[in-house]
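Structure below is data.pdb: PDB, C-alpha atoms.
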ATOM      1  CA  MET G   1     -23.971  18.595 -43.342
ATOM      2  CA  ASP G   2     -26.858  19.303 -40.981
ATOM      3  CA  LEU G   3     -28.985  16.557 -39.587
ATOM      4  CA  ILE G   4     -32.693  17.020 -39.821
ATOM      5  CA  GLU G   5     -34.610  16.489 -36.581
ATOM      6  CA  SER G   6     -36.131  13.263 -37.866
ATOM      7  CA  ASP G   7     -32.676  11.838 -38.797
ATOM      8  CA  ARG G   8     -31.233  12.181 -35.297
ATOM      9  CA  PRO G   9     -31.255   9.105 -33.102
ATOM     10  CA  GLN G  10     -34.029   9.324 -30.552
ATOM     11  CA  VAL G  11     -33.465   8.492 -26.892
ATOM     12  CA  PRO G  12     -36.309   6.379 -25.513
ATOM     13  CA  THR G  13     -38.305   8.102 -22.803
ATOM     14  CA  LYS G  14     -40.208   5.038 -21.590
ATOM     15  CA  VAL G  15     -39.009   1.876 -19.942
ATOM     16  CA  GLU G  16     -39.287  -0.963 -22.426
ATOM     17  CA  GLN G  17     -40.327  -4.460 -21.424
ATOM     18  CA  SER G  18     -38.143  -7.354 -22.530
ATOM     19  CA  GLY G  19     -39.395 -10.633 -21.140
ATOM     20  CA  HIS G  20     -39.504 -10.408 -17.373
ATOM     21  CA  GLN G  21     -36.683  -7.855 -17.071
ATOM     22  CA  GLU G  22     -37.155  -4.194 -17.740
ATOM     23  CA  LYS G  23     -34.589  -2.079 -19.513
ATOM     24  CA  VAL G  24     -33.494   0.989 -17.602
ATOM     25  CA  LEU G  25     -32.093   4.152 -19.100
ATOM     26  CA  LEU G  26     -28.373   4.773 -18.735
ATOM     27  CA  ILE G  27     -28.858   8.049 -16.881
ATOM     28  CA  GLU G  28     -31.080   6.301 -14.334
ATOM     29  CA  LEU G  29     -28.410   3.652 -13.765
ATOM     30  CA  GLN G  30     -25.782   6.350 -13.292
ATOM     31  CA  ILE G  31     -27.977   8.144 -10.764
ATOM     32  CA  ARG G  32     -28.479   4.875  -8.866
ATOM     33  CA  GLU G  33     -24.716   4.274  -8.835
ATOM     34  CA  TYR G  34     -23.991   7.805  -7.587
ATOM     35  CA  ILE G  35     -26.589   7.520  -4.834
ATOM     36  CA  GLY G  36     -25.222   4.131  -3.779
ATOM     37  CA  ALA G  37     -21.625   5.373  -3.806
ATOM     38  CA  PHE G  38     -22.455   8.437  -1.715
ATOM     39  CA  LEU G  39     -24.459   6.372   0.766
ATOM     40  CA  TRP G  40     -21.526   3.976   1.232
ATOM     41  CA  LEU G  41     -19.080   6.872   1.542
ATOM     42  CA  GLY G  42     -21.346   8.458   4.144
ATOM     43  CA  LEU G  43     -21.528   5.199   6.065
ATOM     44  CA  LEU G  44     -17.759   4.794   5.956
ATOM     45  CA  PHE G  45     -17.264   8.408   7.041
ATOM     46  CA  ALA G  46     -19.634   7.922   9.980
ATOM     47  CA  LEU G  47     -17.819   4.736  10.939
ATOM     48  CA  THR G  48     -14.389   6.356  10.788
ATOM     49  CA  ALA G  49     -15.619   9.373  12.739
ATOM     50  CA  SER G  50     -17.022   7.141  15.481
ATOM     51  CA  VAL G  51     -13.882   5.013  15.971
ATOM     52  CA  LYS G  52     -11.361   6.675  18.256
ATOM     53  CA  VAL G  53      -7.815   5.664  17.329
ATOM     54  CA  PRO G  54      -4.788   7.245  19.026
ATOM     55  CA  LEU G  55      -2.282   8.278  16.399
ATOM     56  CA  ASP G  56       0.724   8.991  18.621
ATOM     57  CA  SER G  57       2.366   7.066  21.377
ATOM     58  CA  SER G  58       1.907   7.690  25.049
ATOM     59  CA  PRO G  59       4.463   9.846  26.882
ATOM     60  CA  LYS G  60       4.986   6.840  29.174
ATOM     61  CA  ALA G  61       5.873   4.560  26.244
ATOM     62  CA  ALA G  62       9.423   3.628  25.368
ATOM     63  CA  ALA G  63      11.327   5.972  23.076
ATOM     64  CA  VAL G  64      11.290   3.485  20.190
ATOM     65  CA  SER G  65       7.959   1.898  19.358
ATOM     66  CA  ILE G  66       6.024   0.662  16.383
ATOM     67  CA  SER G  67       3.836   3.423  15.021
ATOM     68  CA  LYS G  68       0.173   2.587  14.614
ATOM     69  CA  ALA G  69      -1.828   3.539  11.563
ATOM     70  CA  PRO G  70      -5.545   4.308  11.532
ATOM     71  CA  TRP G  71      -7.655   1.171  11.204
ATOM     72  CA  ILE G  72      -8.422   1.978   7.556
ATOM     73  CA  PHE G  73      -4.820   1.164   6.664
ATOM     74  CA  GLY G  74      -4.680  -1.747   9.080
ATOM     75  CA  ALA G  75      -4.238  -4.418   6.413
ATOM     76  CA  ILE G  76      -1.273  -2.639   4.845
ATOM     77  CA  GLN G  77       0.202  -1.846   8.287
ATOM     78  CA  TRP G  78      -0.088  -5.496   9.336
ATOM     79  CA  LEU G  79       1.645  -6.576   6.122
ATOM     80  CA  LEU G  80       4.344  -3.911   6.560
ATOM     81  CA  GLN G  81       5.190  -5.267  10.009
ATOM     82  CA  ARG G  82       5.795  -8.757   8.628
ATOM     83  CA  TRP G  83       6.895  -8.490   4.978
ATOM     84  CA  PRO G  84       9.207  -6.233   2.969
ATOM     85  CA  ALA G  85       7.894  -2.732   2.248
ATOM     86  CA  TRP G  86       8.077  -3.077  -1.547
ATOM     87  CA  LEU G  87       5.826  -6.147  -1.425
ATOM     88  CA  SER G  88       3.299  -5.176   1.232
ATOM     89  CA  GLY G  89       3.201  -1.447   0.498
ATOM     90  CA  TRP G  90       3.289  -1.468  -3.296
ATOM     91  CA  VAL G  91       2.868  -4.811  -5.025
ATOM     92  CA  LEU G  92      -0.073  -6.299  -3.095
ATOM     93  CA  PRO G  93      -2.229  -3.121  -2.984
ATOM     94  CA  LEU G  94      -1.571  -2.396  -6.682
ATOM     95  CA  LEU G  95      -2.269  -6.011  -7.607
ATOM     96  CA  SER G  96      -5.543  -5.890  -5.668
ATOM     97  CA  MET G  97      -6.498  -2.646  -7.383
ATOM     98  CA  ALA G  98      -5.687  -4.116 -10.794
ATOM     99  CA  VAL G  99      -7.891  -7.135 -10.047
ATOM    100  CA  LEU G 100     -10.764  -4.870  -8.983
ATOM    101  CA  LEU G 101     -10.396  -2.705 -12.091
ATOM    102  CA  THR G 102     -10.479  -5.728 -14.409
ATOM    103  CA  LEU G 103     -13.538  -7.359 -12.818
ATOM    104  CA  PRO G 104     -15.988  -5.912 -15.406
ATOM    105  CA  TRP G 105     -13.861  -7.389 -18.210
ATOM    106  CA  TRP G 106     -13.722 -10.723 -16.405
ATOM    107  CA  ALA G 107     -17.522 -10.654 -16.048
ATOM    108  CA  GLN G 108     -17.844 -10.711 -19.828
ATOM    109  CA  LYS G 109     -15.216 -13.421 -20.320
ATOM    110  CA  ALA G 110     -15.650 -15.767 -17.352
ATOM    111  CA  GLY G 111     -19.138 -15.016 -16.120
ATOM    112  CA  LYS G 112     -20.613 -13.033 -13.264
ATOM    113  CA  LYS G 113     -20.530 -15.957 -10.836
ATOM    114  CA  TRP G 114     -16.717 -16.119 -10.909
ATOM    115  CA  VAL G 115     -16.414 -12.346 -10.645
ATOM    116  CA  ARG G 116     -18.551 -12.346  -7.517
ATOM    117  CA  ILE G 117     -16.450 -15.139  -6.025
ATOM    118  CA  ILE G 118     -13.191 -13.292  -6.805
ATOM    119  CA  PHE G 119     -14.569 -10.042  -5.369
ATOM    120  CA  LEU G 120     -15.754 -11.813  -2.218
ATOM    121  CA  ILE G 121     -12.401 -13.531  -1.691
ATOM    122  CA  LEU G 122     -10.430 -10.325  -2.247
ATOM    123  CA  SER G 123     -12.704  -8.375   0.092
ATOM    124  CA  LEU G 124     -12.509 -11.023   2.803
ATOM    125  CA  VAL G 125      -8.703 -11.076   2.591
ATOM    126  CA  TRP G 126      -8.401  -7.319   3.127
ATOM    127  CA  VAL G 127     -11.081  -7.213   5.826
ATOM    128  CA  GLY G 128      -9.423 -10.163   7.557
ATOM    129  CA  LEU G 129      -6.034  -8.454   7.481
ATOM    130  CA  THR G 130      -7.615  -5.304   8.928
ATOM    131  CA  PHE G 131      -9.148  -7.304  11.788
ATOM    132  CA  LEU G 132      -5.805  -9.025  12.390
ATOM    133  CA  TYR G 133      -4.205  -5.602  12.712
ATOM    134  CA  MET G 134      -6.920  -4.303  15.029
ATOM    135  CA  PHE G 135      -7.047  -7.258  17.395
ATOM    136  CA  THR G 136      -3.497  -8.636  17.398
ATOM    137  CA  GLY G 137      -1.793  -5.274  17.469
TER     138      GLY G 137
END

Show me this structure written as structure tokens.
Amino acid sequence: MDLIESDRPQVPTKVEQSGHQEKVLLIELQIREYIGAFLWLGLLFALTASVKVPLDSSPKAAAVSISKAPWIFGAIQWLLQRWPAWLSGWVLPLLSMAVLLTLPWWAQKAGKKWVRIIFLILSLVWVGLTFLYMFTG
């Protein structure tokens, strides 16, 4: 059964006004998200390219030493030095990823305020662990 042109759903071409907020087309939101993601990735790439981190030990160092990871993995490296590998290398990163992936669902159930608080706390924990790794060695 063929649909006639007039029976097909029409995609709005204008931005509609609804109160004081304007509705934005889905494709425009996707473009904004892609631009934002690529800008953040570019910033992170520039930051990682500018930080010089030695990846191997010095020839003058002792034969057995703790290997250092790049600062990006500093939080996991710091946890690996203090806790069992199964917990700090698998459980905590996967649990954090699961929390981040379920945040949109939580926004519908609990509200955006709580989602922002959870995201902020989780981010501060991982950033704090990375700084602990960088400055306490």

>> When you look at Ile72 in chain G with a cut-off of 10 Å (counting only C-alpha atoms), what residues show up, excluding the ones that are within fewer than 3 positions of it in the same chain? I need them as a PyMOL selection string.
In response: chain G and resi 44+48+69+75-77+127+130+134

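What separates CA of Leu95 in chain G from CA of Phe73 in chain G is a distance of 16.2 Å.
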
> For Trp126 in chain G, which residue among G:Trp105, G:Phe38, G:Phe45, G:Trp78 is the nearest when counting all atoms listed in the file?
Replying inline: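 So, comparing all the options, the nearest one is G:Trp78.
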
> In Å, how far is it from CA of Trp71 in chain G to CA of Val51 in chain G?
Replying inline: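 Spanning CA of Trp71 in chain G to CA of Val51 in chain G is a straight-line distance of 8.7 Å.
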
> Distance CA of Ile117 in chain G-CA of Gly36 in chain G, one decimal place?
Replying inline: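 If I compute the distance from CA of Ile117 in chain G to CA of Gly36 in chain G, I get 21.3 Å.
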
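Among the candidates G:Leu79, G:Val115, G:Ala85, G:Leu47, the residue lying nearest to Leu129 in chain G is G:Leu79 (atoms considered: all atoms listed in the file).
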
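Nearest to Val99 in chain G of all the residues G:Leu25, G:Leu43, G:Leu124, G:Ile118 is G:Ile118, based on all atoms listed in the file.
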
Can range 26-37 of chain G be brought up to all heavy atoms and written out as a PDB file, in the coordinates of the input?
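Final output, rebuild.pdb:
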ATOM      1  N   LEU G  26     -29.736   4.635 -19.233  1.00  0.00           N
ATOM      2  CA  LEU G  26     -28.373   4.773 -18.735  1.00  0.00           C
ATOM      3  C   LEU G  26     -28.273   5.849 -17.661  1.00  0.00           C
ATOM      4  O   LEU G  26     -27.612   5.651 -16.644  1.00  0.00           O
ATOM      5  CB  LEU G  26     -27.425   5.094 -19.895  1.00  0.00           C
ATOM      6  CG  LEU G  26     -25.969   5.289 -19.528  1.00  0.00           C
ATOM      7  CD1 LEU G  26     -25.398   4.005 -18.944  1.00  0.00           C
ATOM      8  CD2 LEU G  26     -25.173   5.723 -20.732  1.00  0.00           C
ATOM      9  N   ILE G  27     -28.938   6.965 -17.859  1.00  0.00           N
ATOM     10  CA  ILE G  27     -28.858   8.049 -16.881  1.00  0.00           C
ATOM     11  C   ILE G  27     -29.440   7.625 -15.538  1.00  0.00           C
ATOM     12  O   ILE G  27     -28.927   7.981 -14.482  1.00  0.00           O
ATOM     13  CB  ILE G  27     -29.539   9.342 -17.411  1.00  0.00           C
ATOM     14  CG1 ILE G  27     -29.266  10.523 -16.491  1.00  0.00           C
ATOM     15  CG2 ILE G  27     -31.019   9.145 -17.573  1.00  0.00           C
ATOM     16  CD1 ILE G  27     -27.859  11.013 -16.559  1.00  0.00           C
ATOM     17  N   GLU G  28     -30.505   6.792 -15.583  1.00  0.00           N
ATOM     18  CA  GLU G  28     -31.080   6.301 -14.334  1.00  0.00           C
ATOM     19  C   GLU G  28     -30.126   5.357 -13.618  1.00  0.00           C
ATOM     20  O   GLU G  28     -29.994   5.393 -12.392  1.00  0.00           O
ATOM     21  CB  GLU G  28     -32.403   5.604 -14.618  1.00  0.00           C
ATOM     22  CG  GLU G  28     -33.164   5.241 -13.368  1.00  0.00           C
ATOM     23  CD  GLU G  28     -34.519   4.640 -13.659  1.00  0.00           C
ATOM     24  OE1 GLU G  28     -35.056   4.872 -14.755  1.00  0.00           O
ATOM     25  OE2 GLU G  28     -35.021   3.932 -12.778  1.00  0.00           O
ATOM     26  N   LEU G  29     -29.412   4.530 -14.376  1.00  0.00           N
ATOM     27  CA  LEU G  29     -28.410   3.652 -13.765  1.00  0.00           C
ATOM     28  C   LEU G  29     -27.278   4.457 -13.146  1.00  0.00           C
ATOM     29  O   LEU G  29     -26.787   4.131 -12.064  1.00  0.00           O
ATOM     30  CB  LEU G  29     -27.852   2.692 -14.820  1.00  0.00           C
ATOM     31  CG  LEU G  29     -28.797   1.594 -15.285  1.00  0.00           C
ATOM     32  CD1 LEU G  29     -28.140   0.796 -16.409  1.00  0.00           C
ATOM     33  CD2 LEU G  29     -29.163   0.686 -14.146  1.00  0.00           C
ATOM     34  N   GLN G  30     -26.850   5.509 -13.835  1.00  0.00           N
ATOM     35  CA  GLN G  30     -25.782   6.350 -13.292  1.00  0.00           C
ATOM     36  C   GLN G  30     -26.233   7.029 -12.004  1.00  0.00           C
ATOM     37  O   GLN G  30     -25.464   7.100 -11.039  1.00  0.00           O
ATOM     38  CB  GLN G  30     -25.357   7.389 -14.322  1.00  0.00           C
ATOM     39  CG  GLN G  30     -24.599   6.798 -15.478  1.00  0.00           C
ATOM     40  CD  GLN G  30     -24.322   7.815 -16.564  1.00  0.00           C
ATOM     41  OE1 GLN G  30     -25.036   8.804 -16.696  1.00  0.00           O
ATOM     42  NE2 GLN G  30     -23.298   7.563 -17.349  1.00  0.00           N
ATOM     43  N   ILE G  31     -27.467   7.498 -11.978  1.00  0.00           N
ATOM     44  CA  ILE G  31     -27.977   8.144 -10.764  1.00  0.00           C
ATOM     45  C   ILE G  31     -28.025   7.145  -9.617  1.00  0.00           C
ATOM     46  O   ILE G  31     -27.629   7.454  -8.493  1.00  0.00           O
ATOM     47  CB  ILE G  31     -29.371   8.762 -11.040  1.00  0.00           C
ATOM     48  CG1 ILE G  31     -29.216   9.968 -11.964  1.00  0.00           C
ATOM     49  CG2 ILE G  31     -30.066   9.156  -9.745  1.00  0.00           C
ATOM     50  CD1 ILE G  31     -30.520  10.525 -12.476  1.00  0.00           C
ATOM     51  N   ARG G  32     -28.458   5.912  -9.912  1.00  0.00           N
ATOM     52  CA  ARG G  32     -28.479   4.875  -8.866  1.00  0.00           C
ATOM     53  C   ARG G  32     -27.074   4.599  -8.342  1.00  0.00           C
ATOM     54  O   ARG G  32     -26.862   4.442  -7.135  1.00  0.00           O
ATOM     55  CB  ARG G  32     -29.065   3.584  -9.417  1.00  0.00           C
ATOM     56  CG  ARG G  32     -30.542   3.617  -9.652  1.00  0.00           C
ATOM     57  CD  ARG G  32     -31.005   2.277 -10.174  1.00  0.00           C
ATOM     58  NE  ARG G  32     -32.393   2.315 -10.601  1.00  0.00           N
ATOM     59  CZ  ARG G  32     -33.012   1.296 -11.157  1.00  0.00           C
ATOM     60  NH1 ARG G  32     -32.385   0.146 -11.337  1.00  0.00           N
ATOM     61  NH2 ARG G  32     -34.269   1.402 -11.524  1.00  0.00           N
ATOM     62  N   GLU G  33     -26.099   4.528  -9.252  1.00  0.00           N
ATOM     63  CA  GLU G  33     -24.716   4.274  -8.835  1.00  0.00           C
ATOM     64  C   GLU G  33     -24.181   5.415  -7.974  1.00  0.00           C
ATOM     65  O   GLU G  33     -23.498   5.188  -6.978  1.00  0.00           O
ATOM     66  CB  GLU G  33     -23.823   4.081 -10.059  1.00  0.00           C
ATOM     67  CG  GLU G  33     -24.047   2.778 -10.775  1.00  0.00           C
ATOM     68  CD  GLU G  33     -23.588   1.581  -9.977  1.00  0.00           C
ATOM     69  OE1 GLU G  33     -22.573   1.689  -9.267  1.00  0.00           O
ATOM     70  OE2 GLU G  33     -24.243   0.532 -10.067  1.00  0.00           O
ATOM     71  N   TYR G  34     -24.455   6.650  -8.370  1.00  0.00           N
ATOM     72  CA  TYR G  34     -23.991   7.805  -7.587  1.00  0.00           C
ATOM     73  C   TYR G  34     -24.624   7.809  -6.200  1.00  0.00           C
ATOM     74  O   TYR G  34     -23.941   8.045  -5.207  1.00  0.00           O
ATOM     75  CB  TYR G  34     -24.308   9.120  -8.304  1.00  0.00           C
ATOM     76  CG  TYR G  34     -23.460   9.367  -9.526  1.00  0.00           C
ATOM     77  CD1 TYR G  34     -24.017   9.869 -10.688  1.00  0.00           C
ATOM     78  CD2 TYR G  34     -22.098   9.098  -9.517  1.00  0.00           C
ATOM     79  CE1 TYR G  34     -23.250  10.093 -11.812  1.00  0.00           C
ATOM     80  CE2 TYR G  34     -21.324   9.315 -10.638  1.00  0.00           C
ATOM     81  CZ  TYR G  34     -21.895   9.815 -11.780  1.00  0.00           C
ATOM     82  OH  TYR G  34     -21.132  10.033 -12.885  1.00  0.00           O
ATOM     83  N   ILE G  35     -25.915   7.539  -6.135  1.00  0.00           N
ATOM     84  CA  ILE G  35     -26.589   7.520  -4.834  1.00  0.00           C
ATOM     85  C   ILE G  35     -26.006   6.414  -3.960  1.00  0.00           C
ATOM     86  O   ILE G  35     -25.703   6.620  -2.784  1.00  0.00           O
ATOM     87  CB  ILE G  35     -28.117   7.336  -5.014  1.00  0.00           C
ATOM     88  CG1 ILE G  35     -28.715   8.603  -5.625  1.00  0.00           C
ATOM     89  CG2 ILE G  35     -28.789   7.001  -3.689  1.00  0.00           C
ATOM     90  CD1 ILE G  35     -30.169   8.462  -6.025  1.00  0.00           C
ATOM     91  N   GLY G  36     -25.808   5.231  -4.545  1.00  0.00           N
ATOM     92  CA  GLY G  36     -25.222   4.131  -3.779  1.00  0.00           C
ATOM     93  C   GLY G  36     -23.810   4.443  -3.306  1.00  0.00           C
ATOM     94  O   GLY G  36     -23.445   4.164  -2.157  1.00  0.00           O
ATOM     95  N   ALA G  37     -23.008   5.039  -4.174  1.00  0.00           N
ATOM     96  CA  ALA G  37     -21.625   5.373  -3.806  1.00  0.00           C
ATOM     97  C   ALA G  37     -21.602   6.402  -2.677  1.00  0.00           C
ATOM     98  O   ALA G  37     -20.830   6.262  -1.717  1.00  0.00           O
ATOM     99  CB  ALA G  37     -20.868   5.906  -5.020  1.00  0.00           C
TER     100      ALA G  37
END
